[in-house]
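Next comes data32.txt, a file with compact mmCIF, C-alpha atoms.
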```txt
# COMPACT_ATOMS: atom_id res chain seq x y z
CA MET G 130 -14.79 22.51 -18.02
CA ASP G 131 -17.51 20.83 -16.01
CA THR G 132 -21.02 21.30 -17.37
CA ASP G 133 -22.68 19.88 -14.30
CA PRO G 134 -24.99 22.19 -12.34
CA GLU G 135 -23.13 23.99 -9.59
CA SER G 136 -24.36 25.22 -6.27
CA PRO G 137 -25.89 28.72 -6.58
CA THR G 138 -23.60 31.68 -6.08
CA ASN G 139 -26.25 34.30 -5.40
CA LYS G 140 -26.34 33.55 -1.68
CA PRO G 141 -24.25 35.26 1.02
CA ARG G 142 -20.66 34.30 0.28
CA LEU G 143 -17.90 32.99 2.46
CA GLY G 144 -14.83 35.20 2.53
CA SER G 145 -11.82 34.59 0.38
CA SER G 146 -10.18 32.91 3.35
CA PHE G 147 -11.95 30.76 5.89
CA PRO G 148 -12.28 31.94 9.51
CA SER G 149 -11.45 29.62 12.34
CA GLY G 150 -14.16 27.52 13.96
CA ARG G 151 -17.20 26.13 12.20
CA PHE G 152 -17.93 27.13 8.63
CA MET G 153 -21.66 26.44 8.40
CA MET G 154 -23.72 29.60 8.07
CA LYS G 155 -26.14 29.82 10.99
CA THR G 156 -29.21 30.94 9.07
CA ARG G 157 -32.60 29.32 9.19
CA LYS G 158 -33.35 28.08 5.71
CA LYS G 159 -36.70 27.55 4.15
CA ILE G 160 -37.53 23.95 3.34
CA PRO G 161 -37.62 23.90 -0.49
CA LYS G 162 -39.89 21.96 -2.76
CA LEU G 163 -38.69 18.78 -4.41
CA ASP G 164 -39.29 20.45 -7.76
CA ASP G 165 -35.98 22.32 -7.26
CA VAL G 166 -33.77 19.40 -8.24
CA ARG G 167 -35.96 18.62 -11.23
CA SER G 168 -36.16 22.16 -12.56
CA ASN G 169 -32.42 22.84 -12.35
CA GLY G 170 -31.40 19.59 -14.04
CA TRP G 171 -29.74 17.82 -11.11
CA LEU G 172 -32.01 14.78 -11.20
CA GLU G 173 -31.65 14.40 -14.96
CA ALA G 174 -27.86 14.62 -14.57
CA MET G 175 -27.95 11.90 -11.90
CA ILE G 176 -29.92 9.61 -14.18
CA SER G 177 -27.83 10.30 -17.30
CA SER G 178 -24.56 9.73 -15.44
CA SER G 179 -25.84 6.44 -14.00
CA PRO G 180 -26.95 4.31 -16.95
CA PRO G 181 -28.24 0.80 -16.28
CA ARG G 182 -25.76 -2.00 -16.80
CA LYS G 183 -26.59 -3.14 -20.30
CA ARG G 184 -24.89 -6.15 -21.80
CA LEU G 185 -24.36 -5.34 -25.43
CA VAL G 186 -21.81 -7.97 -26.40
CA LYS G 187 -22.39 -11.55 -27.43
CA ASP G 188 -19.56 -13.02 -25.38
CA PHE G 189 -21.90 -13.39 -22.40
CA ASN G 190 -24.42 -15.58 -24.25
CA VAL G 191 -27.21 -13.03 -24.05
CA GLU G 192 -29.47 -12.00 -26.87
CA VAL G 193 -28.64 -8.61 -28.33
CA ALA G 194 -31.29 -6.46 -29.99
CA PRO G 195 -30.33 -5.59 -33.60
CA GLU G 196 -30.35 -1.85 -32.89
CA ASP G 197 -28.11 -2.33 -29.85
CA ASP G 198 -25.74 -4.52 -31.85
CA PHE G 199 -25.54 -1.84 -34.54
CA ALA G 200 -24.91 0.88 -31.95
CA GLN G 201 -22.15 -1.18 -30.36
CA ARG G 202 -20.46 -1.83 -33.69
CA ALA G 203 -20.64 1.84 -34.67
CA TRP G 204 -19.23 2.86 -31.29
CA MET G 205 -16.36 0.39 -31.59
CA LEU G 206 -15.45 1.87 -34.96
CA LYS G 207 -15.14 5.27 -33.30
CA TYR G 208 -13.35 3.97 -30.18
CA PRO G 209 -11.59 0.78 -31.28
CA SER G 210 -10.29 -1.74 -28.79
CA ALA G 211 -6.85 -0.83 -27.46
CA ILE G 212 -6.01 -4.54 -27.58
CA THR G 213 -6.92 -5.21 -31.21
CA SER G 214 -5.38 -1.83 -32.11
CA PHE G 215 -2.18 -2.49 -30.19
CA GLY G 216 -0.07 -2.58 -33.35
CA HIS G 217 -1.06 1.00 -34.10
CA ILE G 218 -0.39 2.05 -30.51
CA ALA G 219 3.02 0.37 -30.58
CA ALA G 220 3.88 2.22 -33.79
CA GLN G 221 3.12 5.53 -32.07
CA ALA G 222 5.14 4.52 -29.02
CA LYS G 223 8.24 3.38 -30.88
CA ASP G 224 11.35 5.27 -29.74
CA LYS G 225 9.26 7.27 -27.25
CA LYS G 226 9.10 7.35 -23.48
CA ILE G 227 5.69 6.18 -22.27
CA ALA G 228 4.11 7.71 -19.15
CA MET G 229 1.18 5.68 -17.79
CA PHE G 230 -1.76 7.19 -15.90
CA LEU G 231 -4.44 4.96 -14.40
CA ASP G 232 -7.77 5.52 -12.69
CA TYR G 233 -8.62 3.04 -9.92
CA ASP G 234 -12.34 2.23 -9.58
CA GLY G 235 -13.73 0.59 -12.70
CA THR G 236 -10.25 0.50 -14.24
CA LEU G 237 -7.99 -1.48 -11.91
CA SER G 238 -10.86 -2.82 -9.80
CA PRO G 239 -14.44 -3.73 -10.68
CA ILE G 240 -17.35 -1.42 -9.92
CA VAL G 241 -19.11 -2.90 -6.90
CA ASP G 242 -22.03 -1.88 -4.71
CA ASP G 243 -19.80 -1.16 -1.70
CA PRO G 244 -16.81 1.11 -2.52
CA ASP G 245 -14.86 -0.45 0.35
CA ARG G 246 -14.99 -3.79 -1.49
CA ALA G 247 -13.50 -2.46 -4.73
CA ILE G 248 -10.32 -4.51 -4.38
CA MET G 249 -7.88 -5.01 -7.22
CA SER G 250 -6.78 -8.58 -7.83
CA ASP G 251 -3.28 -9.82 -7.16
CA ALA G 252 -2.90 -10.44 -10.89
CA MET G 253 -3.80 -6.81 -11.64
CA ARG G 254 -1.39 -5.57 -8.98
CA ALA G 255 1.37 -7.67 -10.55
CA ALA G 256 0.55 -6.24 -13.99
CA VAL G 257 0.70 -2.64 -12.70
CA LYS G 258 3.97 -3.41 -10.87
CA ASP G 259 5.48 -4.72 -14.11
CA VAL G 260 4.34 -1.63 -16.01
CA ALA G 261 6.02 0.60 -13.40
CA LYS G 262 9.33 -1.21 -14.00
CA TYR G 263 9.41 0.11 -17.55
CA PHE G 264 7.36 3.34 -17.48
CA PRO G 265 6.70 6.08 -14.92
CA THR G 266 3.22 5.17 -13.65
CA ALA G 267 0.69 7.21 -11.68
CA ILE G 268 -2.69 6.42 -10.14
CA ILE G 269 -5.10 9.37 -10.39
CA SER G 270 -8.27 8.60 -8.45
CA GLY G 271 -11.28 10.33 -6.97
CA ARG G 272 -10.57 8.53 -3.70
CA SER G 273 -8.36 10.05 -1.05
CA ARG G 274 -4.67 9.59 -1.77
CA ASP G 275 -4.13 7.60 1.44
CA LYS G 276 -7.00 5.25 0.59
CA VAL G 277 -5.92 4.55 -2.98
CA TYR G 278 -2.31 4.08 -1.77
CA GLU G 279 -3.61 1.52 0.72
CA LEU G 280 -5.67 -0.28 -1.95
CA VAL G 281 -2.88 -0.42 -4.54
CA GLY G 282 0.03 -0.97 -2.17
CA LEU G 283 2.87 -0.29 -4.62
CA THR G 284 5.57 2.12 -3.49
CA GLU G 285 7.05 2.60 -6.96
CA LEU G 286 4.04 4.54 -8.25
CA TYR G 287 3.01 8.19 -8.18
CA TYR G 288 -0.32 8.83 -6.46
CA ALA G 289 -2.87 11.60 -6.98
CA GLY G 290 -6.04 11.45 -4.88
CA SER G 291 -9.21 13.56 -4.74
CA HIS G 292 -9.27 13.91 -8.56
CA GLY G 293 -5.70 15.17 -8.57
CA MET G 294 -6.01 17.67 -5.72
CA ASP G 295 -3.59 15.68 -3.55
CA ILE G 296 -0.45 14.62 -5.42
CA MET G 297 2.48 12.68 -3.95
CA THR G 298 5.75 12.27 -5.83
CA PRO G 299 9.21 11.12 -4.73
CA ALA G 300 11.26 13.98 -3.26
CA ASN G 301 13.88 13.72 -6.02
CA VAL G 302 11.56 14.71 -8.89
CA ASN G 303 10.94 18.20 -10.24
CA GLY G 304 7.77 20.25 -9.83
CA SER G 305 6.58 22.79 -7.29
CA PRO G 306 5.71 20.93 -4.08
CA GLU G 307 3.93 22.76 -1.29
CA ASP G 308 5.37 20.47 1.33
CA THR G 309 7.82 17.65 1.90
CA ASN G 310 6.66 14.75 4.01
CA SER G 311 7.30 11.05 4.56
CA ASP G 312 5.31 8.17 3.13
CA GLN G 313 4.34 4.96 4.93
CA GLN G 314 7.85 3.57 4.45
CA GLY G 315 9.52 6.69 5.83
CA GLU G 316 10.78 7.83 2.41
CA GLU G 317 10.72 11.56 1.72
CA VAL G 318 8.03 12.62 -0.76
CA ASN G 319 6.79 15.86 -2.28
CA LEU G 320 3.17 16.85 -1.71
CA PHE G 321 1.24 19.18 -3.98
CA GLN G 322 -2.21 20.11 -2.65
CA PRO G 323 -3.81 23.04 -4.53
CA ALA G 324 -7.01 22.82 -2.46
CA LYS G 325 -5.38 22.59 0.96
CA GLU G 326 -7.35 25.51 2.41
CA PHE G 327 -10.60 23.61 1.79
CA ILE G 328 -9.80 20.66 4.09
CA PRO G 329 -11.73 22.03 7.11
CA VAL G 330 -14.85 22.94 5.14
CA ILE G 331 -14.88 19.59 3.33
CA GLU G 332 -14.71 17.86 6.72
CA GLU G 333 -17.64 19.93 7.95
CA VAL G 334 -19.74 19.28 4.86
CA TYR G 335 -18.94 15.58 5.09
CA ARG G 336 -20.20 15.38 8.67
CA SER G 337 -23.35 17.30 7.77
CA LEU G 338 -24.11 15.12 4.74
CA VAL G 339 -23.70 11.97 6.84
CA GLU G 340 -26.40 13.30 9.17
CA LEU G 341 -28.65 14.49 6.34
CA THR G 342 -28.57 11.15 4.48
CA LYS G 343 -28.48 8.66 7.35
CA GLY G 344 -32.25 8.14 7.09
CA ILE G 345 -32.04 7.25 3.38
CA LYS G 346 -31.50 3.52 3.00
CA GLY G 347 -28.41 2.69 0.94
CA ALA G 348 -26.90 6.20 0.91
CA LYS G 349 -23.19 6.37 1.74
CA VAL G 350 -21.00 9.44 2.24
CA GLU G 351 -17.20 9.35 1.95
CA ASN G 352 -14.63 11.96 2.92
CA HIS G 353 -11.77 12.11 0.41
CA LYS G 354 -10.08 14.96 2.29
CA PHE G 355 -10.28 17.47 -0.57
CA CYS G 356 -13.72 16.44 -1.77
CA ALA G 357 -16.69 14.44 -0.48
CA SER G 358 -18.79 11.81 -2.25
CA VAL G 359 -22.43 10.88 -1.76
CA HIS G 360 -23.03 7.42 -3.23
CA TYR G 361 -26.57 6.51 -4.27
CA ARG G 362 -25.78 3.19 -6.02
CA ASN G 363 -27.66 1.24 -3.34
CA VAL G 364 -30.49 3.78 -2.93
CA ASP G 365 -33.94 2.98 -4.33
CA GLU G 366 -34.34 5.02 -7.51
CA ASN G 367 -37.54 6.55 -6.11
CA ASP G 368 -35.37 8.12 -3.39
CA TRP G 369 -32.82 9.67 -5.74
CA PRO G 370 -34.70 13.03 -5.74
CA LEU G 371 -34.52 13.03 -1.94
CA VAL G 372 -30.76 12.47 -1.97
CA ALA G 373 -30.29 15.20 -4.57
CA GLN G 374 -32.55 17.63 -2.73
CA ARG G 375 -30.78 17.29 0.60
CA VAL G 376 -27.34 17.72 -0.94
CA HIS G 377 -28.60 20.58 -3.11
CA ASP G 378 -30.14 22.46 -0.20
CA HIS G 379 -27.13 22.05 2.06
CA LEU G 380 -24.62 23.23 -0.54
CA LYS G 381 -26.49 26.53 -0.93
CA GLN G 382 -24.61 27.53 2.21
CA TYR G 383 -21.22 26.87 0.60
CA PRO G 384 -20.82 28.90 -2.62
CA ARG G 385 -17.12 28.00 -2.80
CA LEU G 386 -18.06 24.35 -3.30
CA ARG G 387 -19.62 22.80 -6.39
CA LEU G 388 -21.27 19.52 -7.25
CA THR G 389 -20.32 17.16 -10.07
CA HIS G 390 -21.83 13.83 -11.07
CA GLY G 391 -20.10 10.51 -11.49
CA ARG G 392 -21.31 6.96 -11.85
CA LYS G 393 -24.10 6.82 -9.23
CA VAL G 394 -22.26 9.34 -7.07
CA LEU G 395 -22.56 13.05 -6.30
CA GLU G 396 -19.20 14.67 -5.64
CA VAL G 397 -18.69 17.87 -3.68
CA ARG G 398 -15.53 19.71 -4.74
CA PRO G 399 -13.86 23.09 -4.21
CA VAL G 400 -14.47 25.70 -6.89
CA ILE G 401 -10.92 25.80 -8.23
CA GLU G 402 -9.52 25.21 -11.69
CA TRP G 403 -8.12 21.78 -10.96
CA ASN G 404 -9.04 18.30 -12.17
CA LYS G 405 -7.46 15.08 -13.43
CA GLY G 406 -6.31 16.83 -16.58
CA LYS G 407 -4.43 19.43 -14.53
CA ALA G 408 -2.95 16.62 -12.45
CA VAL G 409 -1.64 14.92 -15.60
CA GLU G 410 -0.02 18.18 -16.72
CA PHE G 411 1.56 18.68 -13.29
CA LEU G 412 2.95 15.13 -13.19
CA LEU G 413 4.32 15.39 -16.72
CA GLU G 414 6.09 18.59 -15.73
CA SER G 415 7.43 16.91 -12.58
CA LEU G 416 8.78 14.09 -14.72
CA GLY G 417 10.42 16.56 -17.10
CA LEU G 418 8.20 15.45 -19.98
CA SER G 419 5.89 18.42 -20.49
CA ASN G 420 8.00 19.98 -23.27
CA ASN G 421 9.44 16.77 -24.57
CA GLY G 422 8.16 15.53 -27.91
CA ASP G 423 9.74 12.14 -27.33
CA PHE G 424 7.15 10.97 -24.82
CA LEU G 425 3.75 9.32 -25.10
CA PRO G 426 1.34 9.69 -22.16
CA ILE G 427 -1.47 7.14 -21.87
CA PHE G 428 -4.44 7.61 -19.54
CA ILE G 429 -6.85 4.73 -18.84
CA GLY G 430 -10.09 5.52 -17.02
CA ASP G 431 -13.79 4.75 -16.98
CA ASP G 432 -15.63 7.70 -15.47
CA LYS G 433 -16.74 11.21 -16.40
CA THR G 434 -13.97 12.74 -14.28
CA ASP G 435 -11.39 10.99 -16.48
CA GLU G 436 -12.63 12.98 -19.48
CA ASP G 437 -10.64 16.01 -18.27
CA ALA G 438 -7.46 13.98 -18.68
CA PHE G 439 -8.54 12.55 -22.04
CA LYS G 440 -9.26 16.07 -23.24
CA VAL G 441 -5.81 17.36 -22.24
CA LEU G 442 -4.06 14.60 -24.17
CA ARG G 443 -6.29 15.09 -27.21
CA GLU G 444 -5.76 18.86 -27.27
CA LYS G 445 -1.99 18.51 -26.83
CA LYS G 446 -1.95 15.90 -29.61
CA GLN G 447 0.45 13.89 -27.49
CA GLY G 448 -0.59 10.50 -26.25
CA PHE G 449 -4.15 9.28 -25.94
CA GLY G 450 -6.90 8.25 -23.59
CA ILE G 451 -8.40 4.79 -23.29
CA LEU G 452 -11.99 4.61 -22.04
CA VAL G 453 -13.02 1.56 -20.01
CA SER G 454 -16.64 0.88 -20.88
CA SER G 455 -18.80 -1.96 -22.15
CA VAL G 456 -21.57 0.41 -23.25
CA PRO G 457 -21.43 3.11 -25.94
CA LYS G 458 -20.87 6.65 -24.67
CA GLU G 459 -19.23 9.73 -26.08
CA SER G 460 -15.69 10.40 -24.93
CA ASN G 461 -12.50 12.38 -25.56
CA ALA G 462 -10.63 9.07 -25.54
CA PHE G 463 -9.18 7.47 -28.69
CA TYR G 464 -9.48 3.81 -27.76
CA SER G 465 -11.59 1.61 -25.49
CA LEU G 466 -11.39 -1.43 -23.25
CA ARG G 467 -14.46 -3.22 -21.94
CA ASP G 468 -13.56 -3.89 -18.30
CA PRO G 469 -10.66 -4.27 -15.83
CA SER G 470 -9.81 -7.72 -17.20
CA GLU G 471 -9.06 -6.11 -20.57
CA VAL G 472 -7.10 -3.35 -18.82
CA LYS G 473 -4.91 -6.05 -17.30
CA LYS G 474 -4.46 -7.71 -20.68
CA PHE G 475 -3.49 -4.40 -22.27
CA LEU G 476 -0.94 -3.65 -19.54
CA LYS G 477 0.63 -7.10 -19.90
CA THR G 478 0.75 -6.69 -23.68
CA LEU G 479 2.46 -3.32 -23.26
CA VAL G 480 5.13 -4.78 -20.98
CA LYS G 481 5.70 -7.73 -23.33
CA TRP G 482 6.13 -5.31 -26.25
CA ARG G 483 8.63 -3.18 -24.33
CA LYS G 484 10.69 -6.23 -23.38
CA MET G 485 10.83 -7.27 -27.04
CA GLU G 486 11.83 -3.74 -28.08
CA ASP G 487 14.63 -3.70 -25.49
CA SER G 488 15.92 -7.12 -26.55
CA THR G 489 16.06 -6.22 -30.25
CA SER G 490 17.84 -2.93 -29.58
CA GLN G 491 20.72 -4.61 -27.74
```
Since I need it in another form, could you write the structure as structure tokens?
Amino acid sequence: MDTDPESPTNKPRLGSSFPSGRFMMKTRKKIPKLDDVRSNGWLEAMISSSPPRKRLVKDFNVEVAPEDDFAQRAWMLKYPSAITSFGHIAAQAKDKKIAMFLDYDGTLSPIVDDPDRAIMSDAMRAAVKDVAKYFPTAIISGRSRDKVYELVGLTELYYAGSHGMDIMTPANVNGSPEDTNSDQQGEEVNLFQPAKEFIPVIEEVYRSLVELTKGIKGAKVENHKFCASVHYRNVDENDWPLVAQRVHDHLKQYPRLRLTHGRKVLEVRPVIEWNKGKAVEFLLESLGLSNNGDFLPIFIGDDKTDEDAFKVLREKKQGFGILVSSVPKESNAFYSLRDPSEVKKFLKTLVKWRKMEDSTSQ
């Protein structure tokens, strides 16, 4: 469950179903004090979810403070490298069907200042393509499904956008689709969209937030169809309270929306019980693996939203999460990788292991 502050629910509520036309409540609102976002913890959450990029490893020829070196070593004992621990992972995977789940930003592509420039390399795309030859593979991203499909460009994968609120699977798999449609190649696919009724209100909030933040240098708002993101990565830190305040004040009008925090991003989402963990459960059921003890799901991700998926795998005691991070932080994952280059290495190692397993079993 998210522990992030949510928009207040003691204001006049929208109905259980949205009326046609515009959704914004036409009330004059009092201009609040900036102390609001400090007193309710939003600003602290923004800062804590956006740590500075600290280099704690010696591979980059930088000096490491003794206490930082100790913290890194202790953290690596708790979340060992998935590469150096591959023998243990392979032992767990032996004679089991692996299902691979991957985040996009910070996992398959580097974190960059401009989200539109977060492009995965050709080598990474080839590694993911090879993985999909041997294991059912899904991308579960906070981006819109169409955008992440465009960035990855592999038709053999499953895609879940908007933190799993927009799932596309081939039409011949199980599950409970809400709709059948065609993908970019004209192939029939199943669509599962548990937050479909929120599309109009998300569009409205997106347009409003664009207007509200356009005077703040570096702020960027994205519409992911089922959620909206306000990026403050390129905003002067002195202006972070202003970003938070404007989003905070506007969302008071939408009690059916909540706010969560990611890596230098505020994300507006519907108030429904759905996240990346739920998306993993849905996809496993669609693949016929949810009640199958002979499978091993693996989820690789780098952000707070991926913790929901890590938690599901930990609680089910089936499979494991791999956190992509070069800095120590608490997680529900079992293993770690430092950056996308290590993700690529792990994926290639996994494929090489499977090929060897197949050759020895013949």
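Take the candidates G:Ser291, G:Ser490, G:Thr342, G:Ser415 and check each one against Ala357 (chain G) using all atoms listed in the file; the shortest distance goes to G:Ser291.
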I want to know what sits within 12 Å of Glu471 (chain G), based on all atoms listed in the file, with residues of the same chain fewer than 2 positions away left out; could you give that as a list in words? Ser210, Ala211, Ile212, Thr213, Gly235, Thr236, Leu237, Ser238, Pro239, Met253, Ala256, Ile429, Ile451, Leu452, Val453, Ser454, Ser455, Ser465, Leu466, Arg467, Asp468, Pro469, Lys473, Lys474, Phe475, Leu476, Lys477 and Thr478 of chain G
Val257 (chain G) surroundings by all atoms listed in the file, 12 Å radius, close-in-sequence under 6 positions cut, as an NGL selection string: :G and (229-233 or 236-238 or 249-251 or 263-268 or 281-287 or 469 or 472-480)
Report, in Å with one decimal, the straight-line distance from CA of Gly422 (chain G) to CA of Lys440 (chain G). 18.0 Å
Mind working out the centre and edge lengths of an axis-aligned box for region 257-265 of chain G, all listed atoms inside, 5 Å added to each side, rounded to one decimal in Å and written as lines of an AutoDock Vina configuration file?
```
center_x = 5.1
center_y = 0.7
center_z = -14.2
size_x = 18.7
size_y = 20.8
size_z = 16.7
```
If I take CA of Phe321 (chain G) and CA of Ile296 (chain G), how far is one from the other in Å, to one decimal?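 The value is 5.1 Å.
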I'd like to know which of G:Ala438, G:Leu412, G:Met175, G:Leu380 is closest to Arg398 (chain G), using only C-alpha atoms. G:Leu380
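Straight-line separation from CA of Glu326 (chain G) to CA of Asp378 (chain G): 23.1 Å.
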Minimum-distance residue to Asn363 (chain G), chosen among G:Arg375, G:Arg202, G:Lys349, G:Lys276 (using only C-alpha atoms): G:Lys349
Minimum-distance residue to Asp437 (chain G), chosen among G:Ile328, G:Ala228, G:Ala255, G:Ile269 (using only C-alpha atoms): G:Ile269
Looking at G:Glu396, G:Glu414, G:Asp259, G:Glu402, which one is nearest to Lys433 (chain G), with distances taken over all atoms listed in the file? G:Glu396
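Ranking G:Lys445, G:Lys226, G:Lys346, G:His353 by their shortest atom-to-atom distance to Val409 (chain G), with only C-alpha atoms included, puts G:Lys445 first.
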Which residues, protein or nucleic acid, reach to within 8 Å of (-21.0, 8.7, -6.3) in the file's coordinates when using only C-alpha atoms, and can you give that as an mmCIF file with C-alpha atoms, in the frame of the given file?
```
data_model
loop_
_atom_site.group_PDB
_atom_site.id
_atom_site.type_symbol
_atom_site.label_atom_id
_atom_site.label_comp_id
_atom_site.auth_asym_id
_atom_site.auth_seq_id
_atom_site.Cartn_x
_atom_site.Cartn_y
_atom_site.Cartn_z
ATOM 1 C CA SER G 358 -18.790 11.810 -2.250
ATOM 2 C CA VAL G 359 -22.430 10.880 -1.760
ATOM 3 C CA HIS G 360 -23.030 7.420 -3.230
ATOM 4 C CA TYR G 361 -26.570 6.510 -4.270
ATOM 5 C CA ARG G 362 -25.780 3.190 -6.020
ATOM 6 C CA HIS G 390 -21.830 13.830 -11.070
ATOM 7 C CA GLY G 391 -20.100 10.510 -11.490
ATOM 8 C CA ARG G 392 -21.310 6.960 -11.850
ATOM 9 C CA LYS G 393 -24.100 6.820 -9.230
ATOM 10 C CA VAL G 394 -22.260 9.340 -7.070
ATOM 11 C CA LEU G 395 -22.560 13.050 -6.300
ATOM 12 C CA GLU G 396 -19.200 14.670 -5.640
#
```
Where atoms are missing, can you supply N, CA, C and O atoms for region 250-264 of chain G and output the lot as a PDB file, in the frame of the given file?
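Output saved as result-v5.pdb:
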```pdb
ATOM      1  N   SER G 250      -7.284  -7.210  -7.975  1.00  0.00           N
ATOM      2  CA  SER G 250      -6.780  -8.580  -7.830  1.00  0.00           C
ATOM      3  C   SER G 250      -5.262  -8.587  -7.740  1.00  0.00           C
ATOM      4  O   SER G 250      -4.588  -7.625  -8.123  1.00  0.00           O
ATOM      5  N   ASP G 251      -4.738  -9.669  -7.222  1.00  0.00           N
ATOM      6  CA  ASP G 251      -3.280  -9.820  -7.160  1.00  0.00           C
ATOM      7  C   ASP G 251      -2.668  -9.813  -8.557  1.00  0.00           C
ATOM      8  O   ASP G 251      -1.564  -9.296  -8.766  1.00  0.00           O
ATOM      9  N   ALA G 252      -3.401 -10.404  -9.513  1.00  0.00           N
ATOM     10  CA  ALA G 252      -2.900 -10.440 -10.890  1.00  0.00           C
ATOM     11  C   ALA G 252      -2.836  -9.029 -11.477  1.00  0.00           C
ATOM     12  O   ALA G 252      -1.888  -8.678 -12.192  1.00  0.00           O
ATOM     13  N   MET G 253      -3.826  -8.195 -11.162  1.00  0.00           N
ATOM     14  CA  MET G 253      -3.800  -6.810 -11.640  1.00  0.00           C
ATOM     15  C   MET G 253      -2.661  -6.038 -10.976  1.00  0.00           C
ATOM     16  O   MET G 253      -1.959  -5.270 -11.636  1.00  0.00           O
ATOM     17  N   ARG G 254      -2.481  -6.253  -9.685  1.00  0.00           N
ATOM     18  CA  ARG G 254      -1.390  -5.570  -8.980  1.00  0.00           C
ATOM     19  C   ARG G 254      -0.039  -5.951  -9.595  1.00  0.00           C
ATOM     20  O   ARG G 254       0.843  -5.094  -9.773  1.00  0.00           O
ATOM     21  N   ALA G 255       0.127  -7.213  -9.924  1.00  0.00           N
ATOM     22  CA  ALA G 255       1.370  -7.670 -10.550  1.00  0.00           C
ATOM     23  C   ALA G 255       1.560  -7.008 -11.920  1.00  0.00           C
ATOM     24  O   ALA G 255       2.678  -6.623 -12.290  1.00  0.00           O
ATOM     25  N   ALA G 256       0.458  -6.866 -12.675  1.00  0.00           N
ATOM     26  CA  ALA G 256       0.550  -6.240 -13.990  1.00  0.00           C
ATOM     27  C   ALA G 256       0.943  -4.774 -13.879  1.00  0.00           C
ATOM     28  O   ALA G 256       1.781  -4.286 -14.645  1.00  0.00           O
ATOM     29  N   VAL G 257       0.356  -4.058 -12.902  1.00  0.00           N
ATOM     30  CA  VAL G 257       0.700  -2.640 -12.700  1.00  0.00           C
ATOM     31  C   VAL G 257       2.151  -2.516 -12.230  1.00  0.00           C
ATOM     32  O   VAL G 257       2.885  -1.625 -12.657  1.00  0.00           O
ATOM     33  N   LYS G 258       2.580  -3.424 -11.375  1.00  0.00           N
ATOM     34  CA  LYS G 258       3.970  -3.410 -10.870  1.00  0.00           C
ATOM     35  C   LYS G 258       4.947  -3.597 -12.029  1.00  0.00           C
ATOM     36  O   LYS G 258       5.987  -2.926 -12.095  1.00  0.00           O
ATOM     37  N   ASP G 259       4.616  -4.499 -12.946  1.00  0.00           N
ATOM     38  CA  ASP G 259       5.480  -4.720 -14.110  1.00  0.00           C
ATOM     39  C   ASP G 259       5.522  -3.490 -15.005  1.00  0.00           C
ATOM     40  O   ASP G 259       6.580  -3.132 -15.541  1.00  0.00           O
ATOM     41  N   VAL G 260       4.385  -2.846 -15.192  1.00  0.00           N
ATOM     42  CA  VAL G 260       4.340  -1.630 -16.010  1.00  0.00           C
ATOM     43  C   VAL G 260       5.259  -0.561 -15.415  1.00  0.00           C
ATOM     44  O   VAL G 260       6.012   0.117 -16.118  1.00  0.00           O
ATOM     45  N   ALA G 261       5.218  -0.425 -14.080  1.00  0.00           N
ATOM     46  CA  ALA G 261       6.020   0.600 -13.400  1.00  0.00           C
ATOM     47  C   ALA G 261       7.515   0.339 -13.503  1.00  0.00           C
ATOM     48  O   ALA G 261       8.325   1.258 -13.305  1.00  0.00           O
ATOM     49  N   LYS G 262       7.906  -0.899 -13.808  1.00  0.00           N
ATOM     50  CA  LYS G 262       9.330  -1.210 -14.000  1.00  0.00           C
ATOM     51  C   LYS G 262       9.860  -0.562 -15.268  1.00  0.00           C
ATOM     52  O   LYS G 262      11.053  -0.248 -15.365  1.00  0.00           O
ATOM     53  N   TYR G 263       8.982  -0.373 -16.247  1.00  0.00           N
ATOM     54  CA  TYR G 263       9.410   0.110 -17.550  1.00  0.00           C
ATOM     55  C   TYR G 263       8.979   1.561 -17.838  1.00  0.00           C
ATOM     56  O   TYR G 263       9.607   2.238 -18.651  1.00  0.00           O
ATOM     57  N   PHE G 264       7.893   2.009 -17.186  1.00  0.00           N
ATOM     58  CA  PHE G 264       7.360   3.340 -17.480  1.00  0.00           C
ATOM     59  C   PHE G 264       6.995   4.044 -16.175  1.00  0.00           C
ATOM     60  O   PHE G 264       6.487   3.407 -15.246  1.00  0.00           O
TER      61      PHE G 264
END
```
